[in-house]
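**Student:** File final.cif below, mmCIF, C-alpha atoms:
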```cif
data_upload
loop_
_atom_site.label_atom_id
_atom_site.label_comp_id
_atom_site.auth_asym_id
_atom_site.auth_seq_id
_atom_site.Cartn_x
_atom_site.Cartn_y
_atom_site.Cartn_z
CA MET A 20 9.62 -17.01 4.70
CA PHE A 21 6.93 -18.90 2.78
CA THR A 22 4.33 -21.36 4.00
CA PRO A 23 3.88 -24.69 2.18
CA GLN A 24 0.81 -23.15 0.55
CA GLY A 25 2.91 -20.35 -0.94
CA PRO A 26 4.52 -20.16 -4.38
CA SER A 27 7.36 -22.47 -5.38
CA LEU A 28 10.80 -21.16 -6.28
CA ARG A 29 10.01 -21.75 -9.94
CA GLU A 30 6.75 -19.82 -9.68
CA LEU A 31 8.55 -16.92 -8.00
CA ALA A 32 11.17 -16.88 -10.75
CA VAL A 33 8.50 -16.71 -13.46
CA GLN A 34 6.71 -13.92 -11.61
CA ALA A 35 9.94 -11.97 -11.08
CA LEU A 36 10.61 -12.03 -14.81
CA SER A 37 7.15 -10.69 -15.64
CA SER A 38 5.75 -7.18 -15.58
CA VAL A 39 4.30 -5.89 -12.30
CA GLU A 40 0.75 -6.46 -13.52
CA HIS A 41 1.28 -9.95 -14.93
CA GLY A 42 3.52 -10.97 -12.05
CA TYR A 43 0.77 -10.20 -9.55
CA ASP A 44 -1.83 -11.91 -11.72
CA LEU A 45 0.30 -15.07 -11.44
CA LEU A 46 1.00 -14.61 -7.72
CA ALA A 47 -2.58 -13.75 -6.74
CA PRO A 48 -3.88 -17.22 -5.77
CA LYS A 49 -0.98 -17.69 -3.31
CA PHE A 50 -0.26 -14.07 -2.38
CA ASP A 51 -1.72 -14.30 1.12
CA HIS A 52 0.71 -17.14 1.89
CA THR A 53 3.76 -14.95 1.25
CA PRO A 54 5.53 -12.34 3.40
CA PHE A 55 4.44 -9.70 0.86
CA ARG A 56 0.99 -9.48 2.45
CA THR A 57 0.71 -6.68 5.01
CA PRO A 58 1.01 -8.25 8.49
CA ASP A 59 -2.08 -8.39 10.68
CA SER A 60 -0.24 -6.39 13.35
CA VAL A 61 0.06 -3.45 10.95
CA LEU A 62 -3.56 -3.75 9.81
CA GLU A 63 -4.81 -3.77 13.40
CA ALA A 64 -2.68 -0.77 14.38
CA VAL A 65 -3.87 1.25 11.38
CA GLU A 66 -7.49 0.32 12.06
CA ALA A 67 -7.20 1.43 15.69
CA ALA A 68 -5.65 4.76 14.69
CA LEU A 69 -8.24 5.46 12.00
CA SER A 70 -11.11 4.49 14.31
CA SER A 71 -10.11 7.33 16.62
CA MET A 72 -10.30 9.78 13.69
CA GLY A 73 -13.52 8.54 12.10
CA PRO A 74 -16.01 7.37 11.28
CA PHE A 75 -15.68 8.05 7.58
CA GLU A 76 -18.31 7.74 4.87
CA GLU A 77 -16.56 6.53 1.71
CA GLY A 78 -13.11 4.95 1.58
CA LEU A 79 -10.65 3.88 -1.11
CA ASP A 80 -7.94 1.24 -0.76
CA LEU A 81 -5.20 2.27 -3.20
CA CYS A 82 -3.40 -0.74 -4.73
CA CYS A 83 -5.70 -2.98 -2.72
CA GLY A 84 -4.29 -6.35 -3.80
CA THR A 85 -6.28 -9.18 -2.26
CA GLY A 86 -8.10 -6.83 0.09
CA ALA A 87 -6.27 -6.71 3.42
CA GLY A 88 -6.86 -2.95 3.57
CA MET A 89 -10.49 -3.40 2.52
CA GLU A 90 -11.04 -5.29 5.78
CA VAL A 91 -9.69 -2.26 7.65
CA LEU A 92 -11.79 0.23 5.70
CA ARG A 93 -15.07 -1.55 6.18
CA GLU A 94 -14.58 -1.21 9.94
CA VAL A 95 -14.11 2.58 9.77
CA CYS A 96 -16.33 3.55 6.78
CA ARG A 97 -20.11 3.63 6.95
CA LYS A 98 -21.29 4.02 3.35
CA SER A 99 -18.91 2.45 0.82
CA VAL A 100 -15.46 0.93 0.41
CA THR A 101 -13.71 0.67 -2.96
CA GLY A 102 -10.56 -1.24 -3.82
CA VAL A 103 -8.51 -0.31 -6.87
CA ASP A 104 -5.61 -2.33 -8.27
CA ILE A 105 -3.89 -2.84 -11.61
CA SER A 106 -3.95 -6.64 -11.28
CA ALA A 107 -7.17 -8.34 -12.30
CA GLY A 108 -5.95 -11.54 -10.63
CA MET A 109 -5.48 -9.86 -7.26
CA LEU A 110 -8.90 -8.22 -7.51
CA ALA A 111 -10.54 -11.56 -8.30
CA VAL A 112 -9.02 -13.17 -5.20
CA GLY A 113 -9.98 -10.18 -3.06
CA ARG A 114 -13.55 -10.24 -4.32
CA GLU A 115 -13.79 -13.94 -3.49
CA GLN A 116 -12.24 -13.65 -0.04
CA VAL A 117 -13.60 -10.33 1.22
CA GLY A 118 -16.80 -10.12 -0.79
CA ALA A 119 -18.62 -7.53 -2.86
CA GLY A 120 -21.85 -5.59 -2.51
CA ARG A 121 -23.38 -5.38 0.94
CA ALA A 122 -23.23 -8.00 3.65
CA SER A 123 -25.99 -10.58 3.54
CA ALA A 124 -27.64 -8.94 6.54
CA GLY A 125 -27.69 -5.63 4.68
CA GLU A 126 -25.32 -4.07 7.17
CA GLY A 127 -21.96 -2.45 6.66
CA PRO A 128 -20.60 -0.46 3.73
CA LEU A 129 -21.01 -1.37 0.08
CA LEU A 130 -17.85 -3.11 -1.20
CA SER A 131 -16.66 -2.70 -4.80
CA TRP A 132 -13.53 -3.63 -6.73
CA VAL A 133 -12.15 -1.61 -9.66
CA ARG A 134 -9.29 -2.41 -12.00
CA GLY A 135 -7.29 0.78 -12.49
CA ASP A 136 -3.90 2.46 -12.45
CA ALA A 137 -2.98 4.44 -9.33
CA LEU A 138 -1.30 6.99 -11.61
CA ALA A 139 -4.55 7.57 -13.51
CA LEU A 140 -7.37 6.91 -11.04
CA PRO A 141 -10.83 6.46 -12.61
CA PHE A 142 -12.66 8.53 -9.97
CA THR A 143 -13.65 12.11 -9.22
CA SER A 144 -13.63 13.73 -5.76
CA ALA A 145 -15.56 10.86 -4.23
CA PHE A 146 -13.78 9.78 -1.04
CA ASP A 147 -13.33 10.90 2.55
CA LEU A 148 -10.47 8.48 3.20
CA VAL A 149 -7.78 6.84 1.05
CA VAL A 150 -5.41 4.26 2.49
CA SER A 151 -2.51 2.32 1.02
CA LEU A 152 -0.74 -0.54 2.76
CA GLY A 153 2.61 -1.69 1.45
CA ALA A 154 2.35 -0.70 -2.23
CA PHE A 155 4.67 2.29 -2.50
CA GLY A 156 7.69 0.26 -3.55
CA HIS A 157 6.07 -0.05 -6.96
CA PHE A 158 6.45 3.67 -7.67
CA LEU A 159 9.68 5.35 -8.66
CA PRO A 160 10.60 8.53 -6.76
CA GLU A 161 9.89 10.66 -9.85
CA GLU A 162 6.34 9.23 -9.95
CA LEU A 163 5.41 10.40 -6.44
CA PRO A 164 4.20 13.88 -7.53
CA ARG A 165 1.78 12.30 -10.00
CA LEU A 166 0.69 9.63 -7.52
CA PHE A 167 -0.03 12.13 -4.75
CA SER A 168 -1.77 14.45 -7.19
CA GLU A 169 -4.08 11.60 -8.20
CA VAL A 170 -4.91 10.84 -4.57
CA HIS A 171 -5.53 14.54 -3.92
CA SER A 172 -7.94 14.66 -6.88
CA VAL A 173 -10.14 11.81 -5.62
CA LEU A 174 -10.48 13.15 -2.08
CA ARG A 175 -13.14 15.61 -1.04
CA PRO A 176 -11.91 18.77 0.73
CA GLY A 177 -10.93 17.74 4.23
CA GLY A 178 -10.50 14.11 3.13
CA ARG A 179 -7.53 12.14 4.42
CA PHE A 180 -4.84 10.00 2.85
CA ALA A 181 -3.35 7.63 5.42
CA PHE A 182 -0.59 5.04 5.31
CA PRO A 183 1.84 3.42 7.78
CA LEU A 184 5.51 4.28 7.36
CA PRO A 185 8.14 2.33 9.33
CA ALA A 186 11.31 4.08 10.40
CA PRO A 187 14.36 3.15 8.29
CA ALA A 188 16.38 0.25 9.63
CA PRO A 189 19.73 1.35 11.12
CA ALA A 190 22.85 0.50 9.13
CA ARG A 191 23.90 -2.07 11.73
CA SER A 192 20.64 -3.99 11.30
CA PRO A 193 20.49 -7.08 9.05
CA TRP A 194 17.19 -5.69 7.68
CA TYR A 195 19.09 -2.66 6.33
CA TRP A 196 21.47 -4.89 4.37
CA ALA A 197 18.67 -7.19 3.25
CA ALA A 198 16.72 -4.22 1.83
CA LEU A 199 19.86 -2.82 0.23
CA GLY A 200 20.63 -6.16 -1.39
CA PHE A 201 17.06 -6.61 -2.59
CA ASP A 202 16.98 -3.16 -4.21
CA ALA A 203 20.35 -3.81 -5.85
CA ALA A 204 19.13 -7.15 -7.23
CA MET A 205 16.01 -5.50 -8.65
CA ARG A 206 18.07 -2.80 -10.34
CA VAL A 207 20.29 -5.42 -11.97
CA ARG A 208 17.22 -7.40 -13.06
CA ASN A 209 15.63 -4.32 -14.62
CA ALA A 210 18.86 -3.35 -16.36
CA VAL A 211 19.07 -6.67 -18.20
CA TRP A 212 15.45 -7.79 -18.57
CA ARG A 213 12.24 -6.34 -19.98
CA PRO A 214 9.55 -5.62 -19.03
CA PRO A 215 10.72 -4.01 -15.77
CA PHE A 216 9.39 -5.07 -12.39
CA VAL A 217 9.41 -2.00 -10.16
CA MET A 218 9.79 -2.83 -6.47
CA TYR A 219 12.17 -0.57 -4.56
CA TYR A 220 11.31 0.07 -0.92
CA ARG A 221 14.29 1.98 0.40
CA PRO A 222 13.60 5.32 -1.42
CA PHE A 223 10.12 5.72 0.17
CA GLN A 224 11.14 7.57 3.33
CA LEU A 225 9.56 10.40 5.28
CA GLY A 226 12.16 12.98 4.20
CA VAL A 227 11.20 12.34 0.57
CA VAL A 228 7.50 11.71 1.01
CA ARG A 229 6.47 14.63 3.22
CA PRO A 230 7.64 17.45 0.89
CA GLU A 231 5.94 15.78 -2.07
CA LEU A 232 2.66 15.47 -0.17
CA GLU A 233 2.81 19.14 0.80
CA ARG A 234 3.54 20.16 -2.79
CA ALA A 235 0.46 18.20 -3.86
CA GLY A 236 -1.70 20.30 -1.54
CA PHE A 237 -1.82 18.18 1.61
CA ALA A 238 -1.35 19.17 5.23
CA VAL A 239 0.69 16.38 6.80
CA GLU A 240 0.40 15.00 10.34
CA LEU A 241 2.31 12.12 11.89
CA PHE A 242 0.90 9.74 14.50
CA ALA A 243 3.03 7.21 16.31
CA LEU A 244 1.71 3.65 16.21
CA PRO A 245 2.45 2.65 19.80
CA GLU A 246 2.02 -1.06 19.10
CA PHE A 247 5.51 -1.10 17.54
CA GLY A 248 7.35 0.71 20.32
CA ARG A 249 10.19 3.19 19.98
CA ARG A 250 13.76 3.15 18.79
CA PRO A 251 16.70 3.76 21.16
CA ASP A 252 16.61 7.49 20.32
CA GLY A 253 12.94 7.68 21.40
CA SER A 254 11.47 8.05 17.90
CA PRO A 255 8.57 5.75 16.86
CA ARG A 256 9.41 2.54 15.05
CA CYS A 257 6.35 3.08 12.87
CA ARG A 258 4.15 6.11 12.18
CA LEU A 259 0.82 6.63 10.51
CA VAL A 260 1.16 9.42 7.98
CA VAL A 261 -2.12 11.31 7.62
CA ALA A 262 -2.26 13.81 4.76
CA THR A 263 -5.38 15.99 4.69
CA ARG A 264 -6.62 17.66 1.51
CA GLU A 265 -6.80 21.33 2.40
CA GLY A 266 -9.71 23.55 1.46
#
```
With the file now loaded, output its structure as structure tokens.
**Tutor:**
Amino acid sequence: MFTPQGPSLRELAVQALSSVEHGYDLLAPKFDHTPFRTPDSVLEAVEAALSSMGPFEEGLDLCCGTGAGMEVLREVCRKSVTGVDISAGMLAVGREQVGAGRASAGEGPLLSWVRGDALALPFTSAFDLVVSLGAFGHFLPEELPRLFSEVHSVLRPGGRFAFPLPAPAPARSPWYWAALGFDAAMRVRNAVWRPPFVMYYRPFQLGVVRPELERAGFAVELFALPEFGRRPDGSPRCRLVVATREG
């Protein structure tokens, strides 16, 4: 699962026993050499879908990490792209790899990086587009109303909040049991060790997410990402959820 350039088992153990913020500070220099980085196939599919809806003026990458989503946003946004993350270490790596300010030729959107909490965003209604790629496992189900309310507050009327959402793995799939085992291990870890490290991916499913988005004031649309095909029942293997701030 890890390249030779990725973290060692000892480094992973130290990170797993840290808080979310400190754990990612430690992981940051090697994060892009782990399976935790959003795959290029997902990034490319999201970029293609957003390109057909845009262009947009100002975009925000929520929980941007080392900036994989920033690369997507600067292809679909004309004026500015902002990344926000709680980990200063991840932001530093992203700034180094993706850049800041404008491109040397003076073309493309202005890139900026902001340290901040997704549950208390340091912005006003400043964005036309917010994306998040792979970060929702760090939020407990009871935090979703606050998270979606924060996103709603930083979007202009008509602005969009977009994120990919894979279909749940069927119970016969090894991925189902792997996710179940991972969540169980994290719950045991958090029951016996402080500070907690929140990373639970199974609860973030469409049946939970869609009602919370609508309660926050979004109109929700679903777009199949055809690059990932369909399940045996004909449903998409992965969708792009696009929540539009009404009004």
**Student:** Report, in Å with one decimal, the straight-line distance from atom CA of A:Arg114 to atom CA of A:Gly84.
**Tutor:**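 Taking atom CA of A:Arg114 as the start and atom CA of A:Gly84 as the end point, the length is 10.1 Å.
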**Student:** What's the separation between atom CA of A:Pro58 and atom CA of A:Pro183, in Å to one decimal place?
**Tutor:**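 According to the coordinates, atom CA of A:Pro58 and atom CA of A:Pro183 are separated by 11.7 Å.
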**Student:** In terms of the shortest atom-to-atom distance over all atoms listed in the file, which of A:Val103, A:Met109, A:Val227, A:Met89 is closest to A:Leu46?
**Tutor:** A:Met109
**Student:** Could you name the residues that touch A:Val33 at 12 Å or less, counting only C-alpha atoms, but leaving out those on the same chain fewer than 6 positions away, as a tab-separated table (two decimals) with C-alpha atoms, keeping the file's coordinate frame?
**Tutor:**
```tsv
chain	number	residue	atom	x	y	z
A	26	PRO	CA	4.52	-20.16	-4.38
A	27	SER	CA	7.36	-22.47	-5.38
A	39	VAL	CA	4.30	-5.89	-12.30
A	41	HIS	CA	1.28	-9.95	-14.93
A	42	GLY	CA	3.52	-10.97	-12.05
A	43	TYR	CA	0.77	-10.20	-9.55
A	44	ASP	CA	-1.83	-11.91	-11.72
A	45	LEU	CA	0.30	-15.07	-11.44
A	46	LEU	CA	1.00	-14.61	-7.72
A	216	PHE	CA	9.39	-5.07	-12.39
```
**Student:** Could you give me, as an NGL selection string, the residues that have an atom at most 12 Å away from the point (-15.1, 1.5, 8.8) in the coordinates of the file, using only C-alpha atoms?
**Tutor:** :A and (65-80 or 88-101 or 126-130 or 147-150)
**Student:** Kindly export the residues of the current selection with C-alpha atoms, as a tab-separated table (two decimals), in the frame of the given file.
**Tutor:**
```tsv
chain	number	residue	atom	x	y	z
A	65	VAL	CA	-3.87	1.25	11.38
A	66	GLU	CA	-7.49	0.32	12.06
A	67	ALA	CA	-7.20	1.43	15.69
A	68	ALA	CA	-5.65	4.76	14.69
A	69	LEU	CA	-8.24	5.46	12.00
A	70	SER	CA	-11.11	4.49	14.31
A	71	SER	CA	-10.11	7.33	16.62
A	72	MET	CA	-10.30	9.78	13.69
A	73	GLY	CA	-13.52	8.54	12.10
A	74	PRO	CA	-16.01	7.37	11.28
A	75	PHE	CA	-15.68	8.05	7.58
A	76	GLU	CA	-18.31	7.74	4.87
A	77	GLU	CA	-16.56	6.53	1.71
A	78	GLY	CA	-13.11	4.95	1.58
A	79	LEU	CA	-10.65	3.88	-1.11
A	80	ASP	CA	-7.94	1.24	-0.76
A	88	GLY	CA	-6.86	-2.95	3.57
A	89	MET	CA	-10.49	-3.40	2.52
A	90	GLU	CA	-11.04	-5.29	5.78
A	91	VAL	CA	-9.69	-2.26	7.65
A	92	LEU	CA	-11.79	0.23	5.70
A	93	ARG	CA	-15.07	-1.55	6.18
A	94	GLU	CA	-14.58	-1.21	9.94
A	95	VAL	CA	-14.11	2.58	9.77
A	96	CYS	CA	-16.33	3.55	6.78
A	97	ARG	CA	-20.11	3.63	6.95
A	98	LYS	CA	-21.29	4.02	3.35
A	99	SER	CA	-18.91	2.45	0.82
A	100	VAL	CA	-15.46	0.93	0.41
A	101	THR	CA	-13.71	0.67	-2.96
A	126	GLU	CA	-25.32	-4.07	7.17
A	127	GLY	CA	-21.96	-2.45	6.66
A	128	PRO	CA	-20.60	-0.46	3.73
A	129	LEU	CA	-21.01	-1.37	0.08
A	130	LEU	CA	-17.85	-3.11	-1.20
A	147	ASP	CA	-13.33	10.90	2.55
A	148	LEU	CA	-10.47	8.48	3.20
A	149	VAL	CA	-7.78	6.84	1.05
A	150	VAL	CA	-5.41	4.26	2.49
```
**Student:** Would you mind listing what lies within 9 Å of stretch 166-176 of chain A as a list of chain:residue names, with all atoms listed in the file counted and same-chain residues fewer than 5 positions away left out?
**Tutor:**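 Residues meeting the cut-off are A:Leu81, A:Ala137, A:Leu138, A:Ala139, A:Leu140, A:Pro141, A:Phe142, A:Thr143, A:Ser144, A:Ala145, A:Phe146, A:Asp147, A:Leu148, A:Val149, A:Phe158, A:Glu231, A:Leu232, A:Arg234, A:Ala235, A:Gly236, A:Phe237, A:Thr263, A:Arg264, A:Glu265, A:Gly266.
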**Student:** List the residues selected by the PyMOL selection byres ((chain A and resi 85) around 7) in the file shown, writing them as a count of residues only.
**Tutor:** 8
**Student:** Can you tell me, as a PyMOL selection string, what residues are no more than 12 Å from stretch 241-247 of chain A when counting all atoms listed in the file, ignoring any on the same chain fewer than 5 positions away?
**Tutor:** chain A and resi 59-69+71-72+180-186+225+229+253-263
**Student:** How many Å separate atom CA of A:Arg213 from atom CA of A:Ala35?
**Tutor:**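 Straight-line distance from atom CA of A:Arg213 to atom CA of A:Ala35 works out to 10.8 Å.
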**Student:** Go through A:Gly25, A:Pro48, A:Pro164, A:Gly108 one by one, measure the shortest atom-to-atom distance of each to A:Pro230 using all atoms listed in the file, and give the residue with the smallest value.
**Tutor:**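 Going through A:Gly25, A:Pro48, A:Pro164, A:Gly108 one by one, the smallest distance to A:Pro230 is for A:Pro164.
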**Student:** Translate the PyMOL selection byres ((chain A and resi 120) around 8) into a concrete residue list for this structure, as a list in words.
**Tutor:**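 Evaluating the PyMOL selection byres ((chain A and resi 120) around 8) on this file yields Gly118, Ala119, Arg121, Ala122, Leu129, Leu130 and Ser131 of chain A.
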**Student:** Of the candidates A:Pro23, A:Gly177, A:Pro215, A:Val117, which one gets nearest to A:Val239 if we count only C-alpha atoms?
**Tutor:** A:Gly177
**Student:** When you count all atoms listed in the file, which of these residues is closest to A:Arg179: A:Ala111, A:Ile105, A:Ala32, A:Ala238?
**Tutor:** A:Ala238
**Student:** Go through A:Ser151, A:Ser37, A:Ser106, A:Gln24 one by one, measure the shortest atom-to-atom distance of each to A:Trp132 using only C-alpha atoms, and give the residue with the smallest value.
**Tutor:**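 Among the listed residues, A:Ser106 lies closest to A:Trp132.
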**Student:** Closest to A:Ala107 among A:Glu233, A:Asp51, A:Asp136, A:Glu30, using all atoms listed in the file?
**Tutor:**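 Selected residue with least distance to A:Ala107: A:Asp136.
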**Student:** Can you list, as a list in words, the residues that the PyMOL selection byres ((chain A and resi 189) around 12) selects here?
**Tutor:**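 Output from the PyMOL selection byres ((chain A and resi 189) around 12), applied to this file: Pro185, Ala186, Pro187, Ala188, Ala190, Arg191, Ser192, Pro193, Trp194, Tyr195, Trp196, Ala197, Ala198, Leu199, Arg250, Pro251, Asp252 and Arg256 of chain A.
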